[in-house]
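Structure file my_file-v4.csv with CSV, N, CA and C atoms:
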chain,number,residue,atom,x,y,z
A,172,MET,N,10.7,-38.1,-53.3
A,172,MET,CA,11.1,-39.4,-52.9
A,172,MET,C,12.0,-39.3,-51.7
A,173,VAL,N,11.8,-40.0,-50.7
A,173,VAL,CA,12.5,-39.9,-49.4
A,173,VAL,C,13.8,-40.7,-49.6
A,174,ASP,N,15.0,-40.2,-49.3
A,174,ASP,CA,16.2,-40.9,-49.4
A,174,ASP,C,16.4,-41.8,-48.1
A,175,TYR,N,17.4,-42.6,-48.1
A,175,TYR,CA,17.7,-43.6,-47.1
A,175,TYR,C,17.9,-42.9,-45.7
A,176,GLN,N,18.6,-41.8,-45.7
A,176,GLN,CA,18.8,-41.1,-44.4
A,176,GLN,C,17.5,-40.5,-44.0
A,177,GLY,N,16.7,-40.0,-44.9
A,177,GLY,CA,15.4,-39.5,-44.5
A,177,GLY,C,14.5,-40.5,-43.9
A,178,GLN,N,14.6,-41.8,-44.4
A,178,GLN,CA,13.8,-42.9,-43.8
A,178,GLN,C,14.2,-43.2,-42.4
A,179,LYS,N,15.5,-43.1,-42.2
A,179,LYS,CA,16.1,-43.3,-40.9
A,179,LYS,C,15.6,-42.2,-39.9
A,180,LEU,N,15.6,-41.0,-40.4
A,180,LEU,CA,15.2,-39.8,-39.6
A,180,LEU,C,13.7,-39.9,-39.3
A,181,ALA,N,12.9,-40.4,-40.2
A,181,ALA,CA,11.5,-40.5,-40.0
A,181,ALA,C,11.2,-41.6,-39.0
A,182,ASP,N,11.9,-42.7,-39.0
A,182,ASP,CA,11.8,-43.7,-38.0
A,182,ASP,C,12.2,-43.2,-36.6
A,183,GLN,N,13.3,-42.5,-36.5
A,183,GLN,CA,13.7,-42.0,-35.3
A,183,GLN,C,12.7,-41.0,-34.7
A,184,LEU,N,12.1,-40.1,-35.6
A,184,LEU,CA,11.1,-39.1,-35.1
A,184,LEU,C,9.9,-39.8,-34.6
A,185,MET,N,9.5,-40.9,-35.3
A,185,MET,CA,8.3,-41.6,-34.9
A,185,MET,C,8.5,-42.2,-33.5
A,186,ASN,N,9.7,-42.8,-33.3
A,186,ASN,CA,10.0,-43.4,-32.0
A,186,ASN,C,10.0,-42.4,-30.9
A,187,TYR,N,10.7,-41.2,-31.2
A,187,TYR,CA,10.8,-40.2,-30.2
A,187,TYR,C,9.4,-39.6,-29.8
A,188,ILE,N,8.6,-39.4,-30.8
A,188,ILE,CA,7.2,-38.8,-30.5
A,188,ILE,C,6.4,-39.8,-29.7
A,189,PHE,N,6.4,-41.1,-30.0
A,189,PHE,CA,5.6,-42.0,-29.2
A,189,PHE,C,6.2,-42.1,-27.8
A,190,ALA,N,7.5,-42.1,-27.7
A,190,ALA,CA,8.1,-42.2,-26.3
A,190,ALA,C,7.8,-40.9,-25.5
A,191,LEU,N,7.9,-39.7,-26.1
A,191,LEU,CA,7.7,-38.5,-25.4
A,191,LEU,C,6.2,-38.3,-25.0
A,192,VAL,N,5.3,-38.7,-25.9
A,192,VAL,CA,3.9,-38.5,-25.6
A,192,VAL,C,3.3,-39.6,-24.8
A,193,CYS,N,3.6,-40.9,-25.1
A,193,CYS,CA,2.9,-42.0,-24.5
A,193,CYS,C,3.4,-42.4,-23.1
A,194,THR,N,4.7,-42.2,-22.9
A,194,THR,CA,5.3,-42.6,-21.6
A,194,THR,C,4.7,-41.8,-20.4
A,195,PRO,N,4.8,-40.5,-20.5
A,195,PRO,CA,4.2,-39.7,-19.4
A,195,PRO,C,2.7,-40.0,-19.2
A,196,ALA,N,2.0,-40.1,-20.3
A,196,ALA,CA,0.5,-40.4,-20.2
A,196,ALA,C,0.3,-41.8,-19.6
A,197,TRP,N,1.2,-42.7,-19.8
A,197,TRP,CA,1.0,-44.0,-19.2
A,197,TRP,C,1.2,-43.9,-17.7
A,198,PHE,N,2.2,-43.2,-17.2
A,198,PHE,CA,2.4,-43.0,-15.8
A,198,PHE,C,1.3,-42.2,-15.2
A,199,TYR,N,0.8,-41.2,-15.9
A,199,TYR,CA,-0.4,-40.4,-15.3
A,199,TYR,C,-1.6,-41.3,-15.2
A,200,GLY,N,-1.8,-42.1,-16.2
A,200,GLY,CA,-3.0,-43.0,-16.2
A,200,GLY,C,-2.8,-44.1,-15.1
A,201,TRP,N,-1.6,-44.5,-14.8
A,201,TRP,CA,-1.3,-45.5,-13.8
A,201,TRP,C,-1.6,-44.8,-12.4
A,202,MET,N,-1.2,-43.6,-12.2
A,202,MET,CA,-1.4,-42.9,-11.0
A,202,MET,C,-2.9,-42.6,-10.7
A,203,GLN,N,-3.6,-42.3,-11.8
A,203,GLN,CA,-5.0,-42.0,-11.7
A,203,GLN,C,-5.9,-43.2,-11.7
A,204,ASP,N,-5.3,-44.4,-12.0
A,204,ASP,CA,-6.1,-45.6,-12.2
A,204,ASP,C,-7.1,-45.5,-13.3
A,205,ASP,N,-6.8,-44.8,-14.3
A,205,ASP,CA,-7.6,-44.5,-15.5
A,205,ASP,C,-6.8,-44.6,-16.7
A,206,PHE,N,-6.9,-45.7,-17.5
A,206,PHE,CA,-6.0,-45.8,-18.6
A,206,PHE,C,-6.6,-45.3,-19.9
A,207,THR,N,-7.6,-44.4,-19.8
A,207,THR,CA,-8.1,-43.8,-21.0
A,207,THR,C,-7.1,-42.7,-21.4
A,208,TYR,N,-6.4,-42.1,-20.4
A,208,TYR,CA,-5.4,-41.1,-20.7
A,208,TYR,C,-4.3,-41.6,-21.7
A,209,PRO,N,-3.7,-42.7,-21.4
A,209,PRO,CA,-2.7,-43.3,-22.3
A,209,PRO,C,-3.4,-43.6,-23.7
A,210,LEU,N,-4.6,-44.0,-23.7
A,210,LEU,CA,-5.3,-44.3,-25.0
A,210,LEU,C,-5.4,-43.0,-25.8
A,211,TYR,N,-5.9,-41.9,-25.1
A,211,TYR,CA,-6.0,-40.6,-25.8
A,211,TYR,C,-4.6,-40.1,-26.3
A,212,ALA,N,-3.6,-40.3,-25.4
A,212,ALA,CA,-2.3,-39.8,-25.8
A,212,ALA,C,-1.8,-40.6,-27.0
A,213,TRP,N,-2.0,-41.9,-27.0
A,213,TRP,CA,-1.6,-42.8,-28.2
A,213,TRP,C,-2.3,-42.3,-29.4
A,214,GLY,N,-3.6,-41.9,-29.4
A,214,GLY,CA,-4.3,-41.4,-30.5
A,214,GLY,C,-3.7,-40.1,-31.0
A,215,ILE,N,-3.4,-39.2,-30.1
A,215,ILE,CA,-2.8,-37.9,-30.4
A,215,ILE,C,-1.4,-38.1,-31.0
A,216,ALA,N,-0.6,-39.1,-30.4
A,216,ALA,CA,0.7,-39.4,-31.0
A,216,ALA,C,0.6,-39.9,-32.4
A,217,CYS,N,-0.4,-40.8,-32.7
A,217,CYS,CA,-0.6,-41.3,-34.0
A,217,CYS,C,-0.8,-40.2,-35.0
A,218,VAL,N,-1.7,-39.3,-34.7
A,218,VAL,CA,-2.0,-38.2,-35.6
A,218,VAL,C,-0.8,-37.3,-35.8
A,219,LEU,N,-0.1,-37.0,-34.7
A,219,LEU,CA,1.1,-36.2,-34.8
A,219,LEU,C,2.2,-36.9,-35.6
A,220,VAL,N,2.4,-38.2,-35.4
A,220,VAL,CA,3.4,-39.0,-36.2
A,220,VAL,C,3.0,-38.9,-37.7
A,221,CYS,N,1.7,-39.1,-38.0
A,221,CYS,CA,1.3,-39.0,-39.4
A,221,CYS,C,1.5,-37.7,-40.0
A,222,LEU,N,1.3,-36.6,-39.3
A,222,LEU,CA,1.6,-35.3,-39.8
A,222,LEU,C,3.1,-35.0,-40.0
A,223,VAL,N,3.9,-35.6,-39.2
A,223,VAL,CA,5.4,-35.4,-39.3
A,223,VAL,C,6.1,-36.3,-40.3
A,224,VAL,N,5.6,-37.6,-40.3
A,224,VAL,CA,6.4,-38.6,-41.0
A,224,VAL,C,5.8,-38.9,-42.4
A,225,LEU,N,4.5,-38.9,-42.6
A,225,LEU,CA,4.0,-39.3,-43.9
A,225,LEU,C,4.2,-38.3,-45.1
A,226,PRO,N,4.1,-37.0,-44.9
A,226,PRO,CA,4.4,-36.2,-46.1
A,226,PRO,C,5.8,-36.2,-46.5
A,227,ASP,N,6.1,-35.9,-47.7
A,227,ASP,CA,7.5,-35.9,-48.2
A,227,ASP,C,8.1,-34.6,-48.0
A,228,TRP,N,8.4,-34.3,-46.7
A,228,TRP,CA,9.0,-33.0,-46.3
A,228,TRP,C,10.4,-32.8,-46.9
A,229,PRO,N,10.8,-31.6,-47.2
A,229,PRO,CA,12.1,-31.4,-47.8
A,229,PRO,C,13.3,-31.9,-47.0
A,230,PHE,N,13.2,-31.9,-45.6
A,230,PHE,CA,14.3,-32.3,-44.8
A,230,PHE,C,14.5,-33.8,-44.8
A,231,TYR,N,13.6,-34.5,-45.5
A,231,TYR,CA,13.8,-36.0,-45.7
A,231,TYR,C,14.6,-36.2,-47.0
A,232,ASN,N,14.9,-35.2,-47.8
A,232,ASN,CA,15.5,-35.4,-49.1
A,232,ASN,C,16.9,-34.7,-49.1
A,233,ARG,N,17.6,-34.6,-48.1
A,233,ARG,CA,18.9,-33.9,-48.0
A,233,ARG,C,20.0,-34.7,-48.7
A,234,ASN,N,19.9,-36.0,-48.8
A,234,ASN,CA,20.9,-36.9,-49.3
A,234,ASN,C,20.3,-37.7,-50.5
A,235,PRO,N,20.1,-37.1,-51.6
A,235,PRO,CA,19.4,-37.9,-52.7
A,235,PRO,C,20.3,-39.1,-53.2
A,236,VAL,N,19.6,-40.1,-53.7
A,236,VAL,CA,20.2,-41.3,-54.2
A,236,VAL,C,20.8,-41.0,-55.6
A,237,GLN,N,22.0,-41.3,-55.8
A,237,GLN,CA,22.6,-41.1,-57.1
A,237,GLN,C,22.4,-42.4,-57.9
A,238,TRP,N,21.6,-42.4,-58.9
A,238,TRP,CA,21.3,-43.5,-59.7
A,238,TRP,C,22.4,-43.7,-60.8
A,239,ARG,N,22.7,-44.9,-61.1
A,239,ARG,CA,23.6,-45.2,-62.2
A,239,ARG,C,23.0,-44.8,-63.6
A,240,SER,N,23.8,-44.4,-64.5
A,240,SER,CA,23.3,-44.0,-65.8
A,240,SER,C,22.9,-45.3,-66.5
A,241,SER,N,21.9,-45.1,-67.4
A,241,SER,CA,21.4,-46.3,-68.1
A,241,SER,C,22.4,-46.9,-69.1
A,242,LEU,N,22.3,-48.2,-69.2
A,242,LEU,CA,23.2,-48.9,-70.1
A,242,LEU,C,22.7,-48.8,-71.6
A,243,LYS,N,23.6,-48.6,-72.5
A,243,LYS,CA,23.2,-48.5,-73.9
A,243,LYS,C,23.0,-49.9,-74.4
A,244,LYS,N,22.0,-50.1,-75.2
A,244,LYS,CA,21.7,-51.4,-75.8
A,244,LYS,C,22.6,-51.6,-77.0
A,245,SER,N,23.0,-52.8,-77.2
A,245,SER,CA,23.8,-53.1,-78.4
A,245,SER,C,22.8,-53.4,-79.6
A,246,LYS,N,23.3,-53.2,-80.8
A,246,LYS,CA,22.5,-53.4,-81.9
A,246,LYS,C,22.1,-54.8,-82.2
A,247,GLU,N,22.8,-55.8,-81.6
A,247,GLU,CA,22.5,-57.2,-81.8
A,247,GLU,C,21.2,-57.6,-81.0
A,248,GLU,N,20.9,-56.9,-80.0
A,248,GLU,CA,19.7,-57.3,-79.1
A,248,GLU,C,18.4,-57.0,-79.7

Step by step, read the file and then write its structure as structure tokens.
Amino acid sequence: MVDYQGQKLADQLMNYIFALVCTPAWFYGWMQDDFTYPLYAWGIACVLVCLVVLPDWPFYNRNPVQWRSSLKKSKEE
């Protein structure tokens, strides 16, 4: 189970990967007047993001959530 800090890290990694892969591809496609390059880069970035973010990697679980202990039921209930 991914903790809250792990969710934040996964979101940041997703944003960084898309920015680092898609931005240069967009400029390259703009200079070449061919926007298939950004489309391919977006597809590659999606696959890379899925490999990095979707599995429950151990570095997403560094701050586990401390759950409250269960309450004891009274005999009247």

ask   = Which residues, written as a ChimeraX atom specification, have at least one atom at most 6 Å from Gly177 in chain A, with all atoms listed in the file counted and residues fewer than 5 positions away on the same chain left out?
value = /A:182,230-232

task = Using backbone DSSP assignments, extract all alpha helix (DSSP H) residues from chain A; output them as a ChimeraX atom specification.
result = /A:175-203,207-224

key: Contacts of Leu222 in chain A within 12 Å, only C-alpha atoms, excl. fewer than 5 positions in-chain, as a list in words   = Ala181, Leu184, Met185, Ile188, Ile215, Ala216, Cys217, Asp227 and Trp228 of chain A

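Atom pair CA of Thr194 in chain A / CA of Leu219 in chain A: separated by 15.3 Å.
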
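With distances restricted to only C-alpha atoms, A:Val220 is the closest residue to Asn186 in chain A from A:Leu225, A:Val220, A:Ala212, A:Met172.
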
request  = Can you work out the spacing between CA of Arg239 in chain A and CA of Leu180 in chain A in Å, to one decimal?
outcome  =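 Distance reported for this atom pair: 24.7 Å.
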
query = Of the candidates A:Val223, A:Lys246, A:Cys193, A:Ser240, which one gets nearest to Leu210 in chain A if we count all atoms listed in the file?
reply = A:Cys193

query = What separation in Å, quoted to one decimal, exists between CA of Pro235 in chain A and CA of Tyr175 in chain A?
reply =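 Calculated distance between CA of Pro235 in chain A and CA of Tyr175 in chain A is 8.2 Å.
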
query = In terms of the shortest atom-to-atom distance over only N, CA and C atoms, which of A:Ala190, A:Ala196, A:Cys221, A:Leu242 is closest to Pro209 in chain A?
reply = A:Ala196

query = Which one is closest to Val192 in chain A: A:Gln178, A:Trp213, A:Asp205, A:Val236? Count all atoms listed in the file.
reply =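 Ranking A:Gln178, A:Trp213, A:Asp205, A:Val236 by distance to Val192 in chain A, first place goes to A:Trp213.
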